[in-house]
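**Q** File name entry.pdb; file contents PDB, N, CA and C atoms and all ligand atoms; full text below.
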```
ATOM      1  N   MET A  24     116.469 115.098  96.900  1.00  0.00           N
ATOM      2  CA  MET A  24     115.735 114.348  97.930  1.00  0.00           C
ATOM      3  C   MET A  24     114.329 114.033  97.439  1.00  0.00           C
ATOM      4  N   ALA A  25     113.957 112.782  97.498  1.00  0.00           N
ATOM      5  CA  ALA A  25     112.620 112.385  97.082  1.00  0.00           C
ATOM      6  C   ALA A  25     111.624 112.687  98.187  1.00  0.00           C
ATOM      7  N   LYS A  26     110.387 112.934  97.772  1.00  0.00           N
ATOM      8  CA  LYS A  26     109.328 113.230  98.744  1.00  0.00           C
ATOM      9  C   LYS A  26     108.485 111.972  98.950  1.00  0.00           C
ATOM     10  N   PRO A  27     108.351 111.512 100.184  1.00  0.00           N
ATOM     11  CA  PRO A  27     107.501 110.341 100.414  1.00  0.00           C
ATOM     12  C   PRO A  27     106.044 110.669 100.114  1.00  0.00           C
ATOM     13  N   ALA A  28     105.364 109.781  99.410  1.00  0.00           N
ATOM     14  CA  ALA A  28     103.953 109.992  99.111  1.00  0.00           C
ATOM     15  C   ALA A  28     103.131 109.876 100.385  1.00  0.00           C
ATOM     16  N   LYS A  29     102.080 110.667 100.448  1.00  0.00           N
ATOM     17  CA  LYS A  29     101.205 110.616 101.622  1.00  0.00           C
ATOM     18  C   LYS A  29     100.366 109.348 101.573  1.00  0.00           C
ATOM     19  N   LYS A  30     100.262 108.710 102.703  1.00  0.00           N
ATOM     20  CA  LYS A  30      99.473 107.492 102.803  1.00  0.00           C
ATOM     21  C   LYS A  30      98.587 107.580 104.035  1.00  0.00           C
ATOM     22  N   ALA A  31      97.557 106.776 104.039  1.00  0.00           N
ATOM     23  CA  ALA A  31      96.706 106.725 105.225  1.00  0.00           C
ATOM     24  C   ALA A  31      97.541 106.279 106.417  1.00  0.00           C
ATOM     25  N   PRO A  32      97.271 106.836 107.594  1.00  0.00           N
ATOM     26  CA  PRO A  32      98.089 106.506 108.772  1.00  0.00           C
ATOM     27  C   PRO A  32      98.165 105.007 109.058  1.00  0.00           C
ATOM     28  N   GLU A  33      97.078 104.275 108.799  1.00  0.00           N
ATOM     29  CA  GLU A  33      97.069 102.833 109.071  1.00  0.00           C
ATOM     30  C   GLU A  33      98.066 102.115 108.161  1.00  0.00           C
ATOM     31  N   ILE A  34      98.077 102.525 106.880  1.00  0.00           N
ATOM     32  CA  ILE A  34      98.990 101.905 105.922  1.00  0.00           C
ATOM     33  C   ILE A  34     100.431 102.266 106.296  1.00  0.00           C
ATOM     34  N   GLU A  35     100.596 103.516 106.671  1.00  0.00           N
ATOM     35  CA  GLU A  35     101.907 104.000 107.088  1.00  0.00           C
ATOM     36  C   GLU A  35     102.433 103.170 108.252  1.00  0.00           C
ATOM     37  N   LYS A  36     101.574 102.933 109.219  1.00  0.00           N
ATOM     38  CA  LYS A  36     101.938 102.170 110.408  1.00  0.00           C
ATOM     39  C   LYS A  36     102.288 100.730 110.029  1.00  0.00           C
ATOM     40  N   PHE A  37     101.472 100.166 109.135  1.00  0.00           N
ATOM     41  CA  PHE A  37     101.685  98.794 108.687  1.00  0.00           C
ATOM     42  C   PHE A  37     103.030  98.666 107.979  1.00  0.00           C
ATOM     43  N   LEU A  38     103.312  99.614 107.073  1.00  0.00           N
ATOM     44  CA  LEU A  38     104.557  99.573 106.310  1.00  0.00           C
ATOM     45  C   LEU A  38     105.766  99.751 107.229  1.00  0.00           C
ATOM     46  N   THR A  39     105.641 100.669 108.157  1.00  0.00           N
ATOM     47  CA  THR A  39     106.741 100.922 109.085  1.00  0.00           C
ATOM     48  C   THR A  39     107.026  99.680 109.918  1.00  0.00           C
ATOM     49  N   LYS A  40     105.955  99.008 110.341  1.00  0.00           N
ATOM     50  CA  LYS A  40     106.085  97.780 111.119  1.00  0.00           C
ATOM     51  C   LYS A  40     106.713  96.688 110.261  1.00  0.00           C
ATOM     52  N   LEU A  41     106.227  96.595 109.033  1.00  0.00           N
ATOM     53  CA  LEU A  41     106.699  95.582 108.100  1.00  0.00           C
ATOM     54  C   LEU A  41     108.180  95.773 107.786  1.00  0.00           C
ATOM     55  N   LEU A  42     108.573  97.001 107.604  1.00  0.00           N
ATOM     56  CA  LEU A  42     109.946  97.292 107.205  1.00  0.00           C
ATOM     57  C   LEU A  42     110.895  97.356 108.386  1.00  0.00           C
ATOM     58  N   GLY A  43     110.348  97.451 109.582  1.00  0.00           N
ATOM     59  CA  GLY A  43     111.199  97.477 110.766  1.00  0.00           C
ATOM     60  C   GLY A  43     111.768  98.854 111.035  1.00  0.00           C
ATOM     61  N   SER A  44     111.883  99.662 110.033  1.00  0.00           N
ATOM     62  CA  SER A  44     112.304 101.050 110.238  1.00  0.00           C
ATOM     63  C   SER A  44     111.500 101.899 109.280  1.00  0.00           C
ATOM     64  N   SER A  45     111.617 103.188 109.400  1.00  0.00           N
ATOM     65  CA  SER A  45     110.743 104.056 108.641  1.00  0.00           C
ATOM     66  C   SER A  45     111.062 104.078 107.152  1.00  0.00           C
ATOM     67  N   ARG A  46     110.052 103.827 106.365  1.00  0.00           N
ATOM     68  CA  ARG A  46     110.137 103.945 104.913  1.00  0.00           C
ATOM     69  C   ARG A  46     110.448 105.389 104.533  1.00  0.00           C
ATOM     70  N   ILE A  47     109.801 106.301 105.247  1.00  0.00           N
ATOM     71  CA  ILE A  47     110.001 107.725 104.947  1.00  0.00           C
ATOM     72  C   ILE A  47     111.456 108.120 105.145  1.00  0.00           C
ATOM     73  N   ASP A  48     112.048 107.581 106.179  1.00  0.00           N
ATOM     74  CA  ASP A  48     113.452 107.863 106.472  1.00  0.00           C
ATOM     75  C   ASP A  48     114.328 107.463 105.287  1.00  0.00           C
ATOM     76  N   ALA A  49     114.068 106.282 104.732  1.00  0.00           N
ATOM     77  CA  ALA A  49     114.844 105.791 103.586  1.00  0.00           C
ATOM     78  C   ALA A  49     114.615 106.680 102.369  1.00  0.00           C
ATOM     79  N   ILE A  50     113.347 107.038 102.115  1.00  0.00           N
ATOM     80  CA  ILE A  50     113.010 107.835 100.932  1.00  0.00           C
ATOM     81  C   ILE A  50     113.649 109.219 101.016  1.00  0.00           C
ATOM     82  N   GLU A  51     113.639 109.799 102.193  1.00  0.00           N
ATOM     83  CA  GLU A  51     114.222 111.135 102.346  1.00  0.00           C
ATOM     84  C   GLU A  51     115.726 111.127 102.125  1.00  0.00           C
ATOM     85  N   LYS A  52     116.339 109.968 102.293  1.00  0.00           N
ATOM     86  CA  LYS A  52     117.779 109.858 102.075  1.00  0.00           C
ATOM     87  C   LYS A  52     118.100 109.293 100.694  1.00  0.00           C
ATOM     88  N   ASP A  53     117.057 109.111  99.845  1.00  0.00           N
ATOM     89  CA  ASP A  53     117.231 108.516  98.515  1.00  0.00           C
ATOM     90  C   ASP A  53     117.842 107.128  98.608  1.00  0.00           C
ATOM     91  N   LEU A  54     117.367 106.361  99.594  1.00  0.00           N
ATOM     92  CA  LEU A  54     117.849 104.990  99.753  1.00  0.00           C
ATOM     93  C   LEU A  54     116.693 104.027  99.565  1.00  0.00           C
ATOM     94  N   CYS A  55     117.059 102.782  99.224  1.00  0.00           N
ATOM     95  CA  CYS A  55     116.086 101.704  99.157  1.00  0.00           C
ATOM     96  C   CYS A  55     115.796 101.274 100.600  1.00  0.00           C
ATOM     97  N   VAL A  56     114.578 100.782 100.864  1.00  0.00           N
ATOM     98  CA  VAL A  56     114.264 100.320 102.210  1.00  0.00           C
ATOM     99  C   VAL A  56     115.174  99.145 102.577  1.00  0.00           C
ATOM    100  N   PRO A  57     115.423  98.941 103.870  1.00  0.00           N
ATOM    101  CA  PRO A  57     116.357  97.880 104.275  1.00  0.00           C
ATOM    102  C   PRO A  57     115.841  96.478 103.969  1.00  0.00           C
ATOM    103  N   ALA A  58     116.756  95.523 103.893  1.00  0.00           N
ATOM    104  CA  ALA A  58     116.418  94.110 103.706  1.00  0.00           C
ATOM    105  C   ALA A  58     115.551  93.647 104.872  1.00  0.00           C
ATOM    106  N   PRO A  59     114.676  92.676 104.709  1.00  0.00           N
ATOM    107  CA  PRO A  59     114.520  91.799 103.540  1.00  0.00           C
ATOM    108  C   PRO A  59     113.593  92.343 102.456  1.00  0.00           C
ATOM    109  N   ILE A  60     112.941  93.481 102.699  1.00  0.00           N
ATOM    110  CA  ILE A  60     112.016  94.031 101.693  1.00  0.00           C
ATOM    111  C   ILE A  60     112.818  94.616 100.537  1.00  0.00           C
ATOM    112  N   GLY A  61     113.732  95.521 100.860  1.00  0.00           N
ATOM    113  CA  GLY A  61     114.566  96.146  99.833  1.00  0.00           C
ATOM    114  C   GLY A  61     116.010  95.707  99.986  1.00  0.00           C
ATOM    115  N   CYS A  62     116.918  96.514  99.449  1.00  0.00           N
ATOM    116  CA  CYS A  62     118.335  96.165  99.519  1.00  0.00           C
ATOM    117  C   CYS A  62     119.129  97.170 100.340  1.00  0.00           C
ATOM    118  N   GLY A  63     118.496  98.282 100.719  1.00  0.00           N
ATOM    119  CA  GLY A  63     119.184  99.283 101.522  1.00  0.00           C
ATOM    120  C   GLY A  63     120.190 100.112 100.736  1.00  0.00           C
ATOM    121  N   GLY A  64     120.269  99.868  99.428  1.00  0.00           N
ATOM    122  CA  GLY A  64     121.222 100.583  98.584  1.00  0.00           C
ATOM    123  C   GLY A  64     120.683 101.910  98.109  1.00  0.00           C
ATOM    124  N   PRO A  65     121.484 102.664  97.342  1.00  0.00           N
ATOM    125  CA  PRO A  65     121.015 103.945  96.821  1.00  0.00           C
ATOM    126  C   PRO A  65     119.859 103.755  95.840  1.00  0.00           C
ATOM    127  N   ALA A  66     118.883 104.647  95.879  1.00  0.00           N
ATOM    128  CA  ALA A  66     117.735 104.572  94.973  1.00  0.00           C
ATOM    129  C   ALA A  66     117.643 105.892  94.227  1.00  0.00           C
ATOM    130  N   LYS A  67     118.480 106.048  93.228  1.00  0.00           N
ATOM    131  CA  LYS A  67     118.552 107.326  92.513  1.00  0.00           C
ATOM    132  C   LYS A  67     118.114 107.224  91.055  1.00  0.00           C
ATOM    133  N   PHE A  68     118.203 106.024  90.501  1.00  0.00           N
ATOM    134  CA  PHE A  68     117.919 105.891  89.073  1.00  0.00           C
ATOM    135  C   PHE A  68     116.686 105.033  88.829  1.00  0.00           C
ATOM    136  N   PHE A  69     115.768 105.596  88.071  1.00  0.00           N
ATOM    137  CA  PHE A  69     114.544 104.874  87.762  1.00  0.00           C
ATOM    138  C   PHE A  69     114.307 104.886  86.263  1.00  0.00           C
ATOM    139  N   ARG A  70     113.665 103.808  85.798  1.00  0.00           N
ATOM    140  CA  ARG A  70     113.453 103.621  84.369  1.00  0.00           C
ATOM    141  C   ARG A  70     112.517 104.676  83.806  1.00  0.00           C
ATOM    142  N   ASN A  71     111.480 104.997  84.573  1.00  0.00           N
ATOM    143  CA  ASN A  71     110.494 105.968  84.090  1.00  0.00           C
ATOM    144  C   ASN A  71     109.779 106.622  85.268  1.00  0.00           C
ATOM    145  N   ALA A  72     108.846 107.501  84.933  1.00  0.00           N
ATOM    146  CA  ALA A  72     108.130 108.257  85.965  1.00  0.00           C
ATOM    147  C   ALA A  72     107.290 107.346  86.856  1.00  0.00           C
ATOM    148  N   ILE A  73     106.800 106.246  86.281  1.00  0.00           N
ATOM    149  CA  ILE A  73     105.980 105.312  87.065  1.00  0.00           C
ATOM    150  C   ILE A  73     106.820 104.653  88.154  1.00  0.00           C
ATOM    151  N   SER A  74     108.003 104.209  87.764  1.00  0.00           N
ATOM    152  CA  SER A  74     108.902 103.586  88.738  1.00  0.00           C
ATOM    153  C   SER A  74     109.313 104.581  89.805  1.00  0.00           C
ATOM    154  N   GLU A  75     109.521 105.814  89.382  1.00  0.00           N
ATOM    155  CA  GLU A  75     109.926 106.849  90.318  1.00  0.00           C
ATOM    156  C   GLU A  75     108.817 107.130  91.326  1.00  0.00           C
ATOM    157  N   ARG A  76     107.575 107.126  90.841  1.00  0.00           N
ATOM    158  CA  ARG A  76     106.442 107.337  91.727  1.00  0.00           C
ATOM    159  C   ARG A  76     106.277 106.139  92.655  1.00  0.00           C
ATOM    160  N   ASP A  77     106.495 104.961  92.109  1.00  0.00           N
ATOM    161  CA  ASP A  77     106.440 103.734  92.895  1.00  0.00           C
ATOM    162  C   ASP A  77     107.391 103.803  94.082  1.00  0.00           C
ATOM    163  N   TYR A  78     108.535 104.392  93.835  1.00  0.00           N
ATOM    164  CA  TYR A  78     109.539 104.513  94.892  1.00  0.00           C
ATOM    165  C   TYR A  78     109.018 105.347  96.067  1.00  0.00           C
ATOM    166  N   THR A  79     108.293 106.406  95.774  1.00  0.00           N
ATOM    167  CA  THR A  79     107.765 107.251  96.841  1.00  0.00           C
ATOM    168  C   THR A  79     106.677 106.521  97.632  1.00  0.00           C
ATOM    169  N   LEU A  80     106.138 105.451  97.065  1.00  0.00           N
ATOM    170  CA  LEU A  80     105.109 104.665  97.756  1.00  0.00           C
ATOM    171  C   LEU A  80     105.709 103.487  98.502  1.00  0.00           C
ATOM    172  N   SER A  81     106.610 102.768  97.841  1.00  0.00           N
ATOM    173  CA  SER A  81     107.126 101.529  98.419  1.00  0.00           C
ATOM    174  C   SER A  81     108.494 101.705  99.044  1.00  0.00           C
ATOM    175  N   GLY A  82     109.235 102.721  98.595  1.00  0.00           N
ATOM    176  CA  GLY A  82     110.591 102.916  99.101  1.00  0.00           C
ATOM    177  C   GLY A  82     111.577 101.931  98.505  1.00  0.00           C
ATOM    178  N   MET A  83     111.190 101.281  97.402  1.00  0.00           N
ATOM    179  CA  MET A  83     112.070 100.292  96.793  1.00  0.00           C
ATOM    180  C   MET A  83     112.748 100.851  95.544  1.00  0.00           C
ATOM    181  N   CYS A  84     114.043 100.549  95.384  1.00  0.00           N
ATOM    182  CA  CYS A  84     114.790 101.003  94.220  1.00  0.00           C
ATOM    183  C   CYS A  84     114.331 100.235  92.976  1.00  0.00           C
ATOM    184  N   GLN A  85     114.823 100.641  91.820  1.00  0.00           N
ATOM    185  CA  GLN A  85     114.412 100.021  90.558  1.00  0.00           C
ATOM    186  C   GLN A  85     114.666  98.507  90.573  1.00  0.00           C
ATOM    187  N   THR A  86     115.831  98.098  91.049  1.00  0.00           N
ATOM    188  CA  THR A  86     116.182  96.679  91.088  1.00  0.00           C
ATOM    189  C   THR A  86     115.189  95.890  91.940  1.00  0.00           C
ATOM    190  N   CYS A  87     114.866  96.419  93.111  1.00  0.00           N
ATOM    191  CA  CYS A  87     113.952  95.717  94.008  1.00  0.00           C
ATOM    192  C   CYS A  87     112.532  95.721  93.445  1.00  0.00           C
ATOM    193  N   GLN A  88     112.140  96.821  92.807  1.00  0.00           N
ATOM    194  CA  GLN A  88     110.818  96.861  92.167  1.00  0.00           C
ATOM    195  C   GLN A  88     110.721  95.784  91.093  1.00  0.00           C
ATOM    196  N   ASP A  89     111.805  95.625  90.325  1.00  0.00           N
ATOM    197  CA  ASP A  89     111.832  94.610  89.274  1.00  0.00           C
ATOM    198  C   ASP A  89     111.689  93.209  89.866  1.00  0.00           C
ATOM    199  N   GLN A  90     112.368  92.989  91.001  1.00  0.00           N
ATOM    200  CA  GLN A  90     112.309  91.679  91.639  1.00  0.00           C
ATOM    201  C   GLN A  90     110.909  91.373  92.150  1.00  0.00           C
ATOM    202  N   VAL A  91     110.277  92.377  92.748  1.00  0.00           N
ATOM    203  CA  VAL A  91     108.915  92.190  93.249  1.00  0.00           C
ATOM    204  C   VAL A  91     107.969  91.926  92.086  1.00  0.00           C
ATOM    205  N   GLN A  92     108.158  92.676  90.996  1.00  0.00           N
ATOM    206  CA  GLN A  92     107.318  92.504  89.815  1.00  0.00           C
ATOM    207  C   GLN A  92     107.470  91.097  89.248  1.00  0.00           C
ATOM    208  N   ALA A  93     108.707  90.615  89.173  1.00  0.00           N
ATOM    209  CA  ALA A  93     108.976  89.269  88.649  1.00  0.00           C
ATOM    210  C   ALA A  93     108.329  88.214  89.529  1.00  0.00           C
ATOM    211  N   LEU A  94     108.396  88.430  90.838  1.00  0.00           N
ATOM    212  CA  LEU A  94     107.805  87.506  91.798  1.00  0.00           C
ATOM    213  C   LEU A  94     106.293  87.480  91.647  1.00  0.00           C
ATOM    214  N   MET A  95     105.700  88.669  91.481  1.00  0.00           N
ATOM    215  CA  MET A  95     104.256  88.760  91.336  1.00  0.00           C
ATOM    216  C   MET A  95     103.805  88.117  90.025  1.00  0.00           C
ATOM    217  N   ASP A  96     104.597  88.310  88.963  1.00  0.00           N
ATOM    218  CA  ASP A  96     104.279  87.687  87.678  1.00  0.00           C
ATOM    219  C   ASP A  96     104.292  86.172  87.808  1.00  0.00           C
ATOM    220  N   ARG A  97     105.298  85.651  88.519  1.00  0.00           N
ATOM    221  CA  ARG A  97     105.426  84.216  88.687  1.00  0.00           C
ATOM    222  C   ARG A  97     104.242  83.670  89.492  1.00  0.00           C
ATOM    223  N   MET A  98     103.870  84.386  90.564  1.00  0.00           N
ATOM    224  CA  MET A  98     102.754  83.952  91.386  1.00  0.00           C
ATOM    225  C   MET A  98     101.467  83.954  90.579  1.00  0.00           C
ATOM    226  N   ALA A  99     101.294  84.969  89.726  1.00  0.00           N
ATOM    227  CA  ALA A  99     100.092  85.069  88.906  1.00  0.00           C
ATOM    228  C   ALA A  99     100.029  83.897  87.914  1.00  0.00           C
ATOM    229  N   ARG A 100     101.198  83.542  87.364  1.00  0.00           N
ATOM    230  CA  ARG A 100     101.251  82.429  86.409  1.00  0.00           C
ATOM    231  C   ARG A 100     100.935  81.099  87.093  1.00  0.00           C
ATOM    232  N   GLU A 101     101.469  80.937  88.333  1.00  0.00           N
ATOM    233  CA  GLU A 101     101.288  79.663  89.041  1.00  0.00           C
ATOM    234  C   GLU A 101      99.861  79.452  89.478  1.00  0.00           C
ATOM    235  N   LYS A 102      99.094  80.524  89.560  1.00  0.00           N
ATOM    236  CA  LYS A 102      97.696  80.431  89.969  1.00  0.00           C
ATOM    237  C   LYS A 102      96.856  79.744  88.903  1.00  0.00           C
ATOM    238  N   HIS A 103      97.268  79.889  87.636  1.00  0.00           N
ATOM    239  CA  HIS A 103      96.462  79.361  86.538  1.00  0.00           C
ATOM    240  C   HIS A 103      96.818  77.918  86.178  1.00  0.00           C
TER     241      HIS A 103
HETATM  242 ZN    ZN B 201     116.714  97.997  96.440  1.00  0.00          ZN
END
```
Hey, can you dump this file as structure tokens for me?

**A**
Amino acid sequence: MAKPAKKAPEIEKFLTKLLGSSRIDAIEKDLCVPAPIGCGGPAKFFRNAISERDYTLSGMCQTCQDQVQALMDRMAREKH
């Protein structure tokens, strides 16, 4: 069972609102957060310790983290 990282209550509230259900609930069950943010699938395998730590913050599995990263890279490129 993964341990959800501690966050400021305001951020916690924002994330919970954003996700529609509790991020902590998903993390405690080793699941990805539900769609549309995540995929709701199992979140057990991570590429490295950074990704694993990311999961305790965002509740997103490796696949979803990769997708967000790709999206952010594209947005950063389009800005220039
Ligand atoms: Zn996912």

**Q** Kindly work out which residues sit at most 12 Å from ligand ZN 201 (chain B), using only C-alpha atoms and all ligand atoms, and give the list as a ChimeraX atom specification.

**A** /A:49-50,53-69,78,81-91

**Q** Rounded to one decimal place, report the CA of Ala99 in chain A-CA of Asp77 in chain A distance in Å.

**A** 20.1 Å

**Q** Mind the document's chain letters and residue numbers, and return as a CSV table (one decimal) with N, CA and C atoms, in the coordinates of the input the residues of chain A that DSSP labels alpha helix (DSSP H).

**A**
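As a result, selection22.csv now contains:
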```csv
chain,number,residue,atom,x,y,z
A,32,PRO,N,97.3,106.8,107.6
A,32,PRO,CA,98.1,106.5,108.8
A,32,PRO,C,98.2,105.0,109.1
A,33,GLU,N,97.1,104.3,108.8
A,33,GLU,CA,97.1,102.8,109.1
A,33,GLU,C,98.1,102.1,108.2
A,34,ILE,N,98.1,102.5,106.9
A,34,ILE,CA,99.0,101.9,105.9
A,34,ILE,C,100.4,102.3,106.3
A,35,GLU,N,100.6,103.5,106.7
A,35,GLU,CA,101.9,104.0,107.1
A,35,GLU,C,102.4,103.2,108.3
A,36,LYS,N,101.6,102.9,109.2
A,36,LYS,CA,101.9,102.2,110.4
A,36,LYS,C,102.3,100.7,110.0
A,37,PHE,N,101.5,100.2,109.1
A,37,PHE,CA,101.7,98.8,108.7
A,37,PHE,C,103.0,98.7,108.0
A,38,LEU,N,103.3,99.6,107.1
A,38,LEU,CA,104.6,99.6,106.3
A,38,LEU,C,105.8,99.8,107.2
A,39,THR,N,105.6,100.7,108.2
A,39,THR,CA,106.7,100.9,109.1
A,39,THR,C,107.0,99.7,109.9
A,40,LYS,N,106.0,99.0,110.3
A,40,LYS,CA,106.1,97.8,111.1
A,40,LYS,C,106.7,96.7,110.3
A,41,LEU,N,106.2,96.6,109.0
A,41,LEU,CA,106.7,95.6,108.1
A,41,LEU,C,108.2,95.8,107.8
A,42,LEU,N,108.6,97.0,107.6
A,42,LEU,CA,109.9,97.3,107.2
A,42,LEU,C,110.9,97.4,108.4
A,46,ARG,N,110.1,103.8,106.4
A,46,ARG,CA,110.1,103.9,104.9
A,46,ARG,C,110.4,105.4,104.5
A,47,ILE,N,109.8,106.3,105.2
A,47,ILE,CA,110.0,107.7,104.9
A,47,ILE,C,111.5,108.1,105.1
A,48,ASP,N,112.0,107.6,106.2
A,48,ASP,CA,113.5,107.9,106.5
A,48,ASP,C,114.3,107.5,105.3
A,49,ALA,N,114.1,106.3,104.7
A,49,ALA,CA,114.8,105.8,103.6
A,49,ALA,C,114.6,106.7,102.4
A,50,ILE,N,113.3,107.0,102.1
A,50,ILE,CA,113.0,107.8,100.9
A,50,ILE,C,113.6,109.2,101.0
A,51,GLU,N,113.6,109.8,102.2
A,51,GLU,CA,114.2,111.1,102.3
A,51,GLU,C,115.7,111.1,102.1
A,72,ALA,N,108.8,107.5,84.9
A,72,ALA,CA,108.1,108.3,86.0
A,72,ALA,C,107.3,107.3,86.9
A,73,ILE,N,106.8,106.2,86.3
A,73,ILE,CA,106.0,105.3,87.1
A,73,ILE,C,106.8,104.7,88.2
A,74,SER,N,108.0,104.2,87.8
A,74,SER,CA,108.9,103.6,88.7
A,74,SER,C,109.3,104.6,89.8
A,75,GLU,N,109.5,105.8,89.4
A,75,GLU,CA,109.9,106.8,90.3
A,75,GLU,C,108.8,107.1,91.3
A,76,ARG,N,107.6,107.1,90.8
A,76,ARG,CA,106.4,107.3,91.7
A,76,ARG,C,106.3,106.1,92.7
A,77,ASP,N,106.5,105.0,92.1
A,77,ASP,CA,106.4,103.7,92.9
A,77,ASP,C,107.4,103.8,94.1
A,78,TYR,N,108.5,104.4,93.8
A,78,TYR,CA,109.5,104.5,94.9
A,78,TYR,C,109.0,105.3,96.1
A,79,THR,N,108.3,106.4,95.8
A,79,THR,CA,107.8,107.3,96.8
A,79,THR,C,106.7,106.5,97.6
A,80,LEU,N,106.1,105.5,97.1
A,80,LEU,CA,105.1,104.7,97.8
A,80,LEU,C,105.7,103.5,98.5
A,81,SER,N,106.6,102.8,97.8
A,81,SER,CA,107.1,101.5,98.4
A,81,SER,C,108.5,101.7,99.0
A,85,GLN,N,114.8,100.6,91.8
A,85,GLN,CA,114.4,100.0,90.6
A,85,GLN,C,114.7,98.5,90.6
A,86,THR,N,115.8,98.1,91.0
A,86,THR,CA,116.2,96.7,91.1
A,86,THR,C,115.2,95.9,91.9
A,87,CYS,N,114.9,96.4,93.1
A,87,CYS,CA,114.0,95.7,94.0
A,87,CYS,C,112.5,95.7,93.4
A,88,GLN,N,112.1,96.8,92.8
A,88,GLN,CA,110.8,96.9,92.2
A,88,GLN,C,110.7,95.8,91.1
A,89,ASP,N,111.8,95.6,90.3
A,89,ASP,CA,111.8,94.6,89.3
A,89,ASP,C,111.7,93.2,89.9
A,90,GLN,N,112.4,93.0,91.0
A,90,GLN,CA,112.3,91.7,91.6
A,90,GLN,C,110.9,91.4,92.2
A,91,VAL,N,110.3,92.4,92.7
A,91,VAL,CA,108.9,92.2,93.2
A,91,VAL,C,108.0,91.9,92.1
A,92,GLN,N,108.2,92.7,91.0
A,92,GLN,CA,107.3,92.5,89.8
A,92,GLN,C,107.5,91.1,89.2
A,93,ALA,N,108.7,90.6,89.2
A,93,ALA,CA,109.0,89.3,88.6
A,93,ALA,C,108.3,88.2,89.5
A,94,LEU,N,108.4,88.4,90.8
A,94,LEU,CA,107.8,87.5,91.8
A,94,LEU,C,106.3,87.5,91.6
A,95,MET,N,105.7,88.7,91.5
A,95,MET,CA,104.3,88.8,91.3
A,95,MET,C,103.8,88.1,90.0
A,96,ASP,N,104.6,88.3,89.0
A,96,ASP,CA,104.3,87.7,87.7
A,96,ASP,C,104.3,86.2,87.8
A,97,ARG,N,105.3,85.7,88.5
A,97,ARG,CA,105.4,84.2,88.7
A,97,ARG,C,104.2,83.7,89.5
A,98,MET,N,103.9,84.4,90.6
A,98,MET,CA,102.8,84.0,91.4
A,98,MET,C,101.5,84.0,90.6
A,99,ALA,N,101.3,85.0,89.7
A,99,ALA,CA,100.1,85.1,88.9
A,99,ALA,C,100.0,83.9,87.9
A,100,ARG,N,101.2,83.5,87.4
A,100,ARG,CA,101.3,82.4,86.4
A,100,ARG,C,100.9,81.1,87.1
A,101,GLU,N,101.5,80.9,88.3
A,101,GLU,CA,101.3,79.7,89.0
A,101,GLU,C,99.9,79.5,89.5
A,102,LYS,N,99.1,80.5,89.6
A,102,LYS,CA,97.7,80.4,90.0
A,102,LYS,C,96.9,79.7,88.9
```

**Q** Tell me, as a list in words, which residues lie within 9 Å of Leu80 in chain A, counting only C-alpha atoms; anything in the same chain fewer than 5 positions away does not count.

**A**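 Listed by chain and then number, they are Pro27, Ala28, Lys29, Lys30 and Arg46 of chain A.
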
**Q** Kindly give the distance, in Å, that separates atom C of Met95 in chain A and CA of Ser74 in chain A, rounded to a single decimal.

**A**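 Distance between the two atoms: 16.3 Å.
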
**Q** Quick one: distance from atom C of Lys26 in chain A to atom N of Ala72 in chain A in Å, one decimal?

**A**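 Separation of atom C of Lys26 in chain A and atom N of Ala72 in chain A: 14.7 Å.
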
**Q** Identify which of the residues A:Arg97, A:Arg70, A:Lys52, A:Arg76 lies closest to Met24 in chain A, counting all atoms listed in the file when measuring atom-to-atom distances.

**A**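 Of the candidates, the smallest distance to Met24 in chain A is held by A:Lys52.
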
**Q** Starting from 3 Å padding per side, set up an axis-aligned box that covers all listed atoms of range 69-87 of chain A and hand over centre and edge lengths in Å, one decimal, as AutoDock Vina command-line options.

**A**
```
--center_x 110.6 --center_y 102.0 --center_z 91.5 --size_x 17.1 --size_y 18.5 --size_z 21.3
```
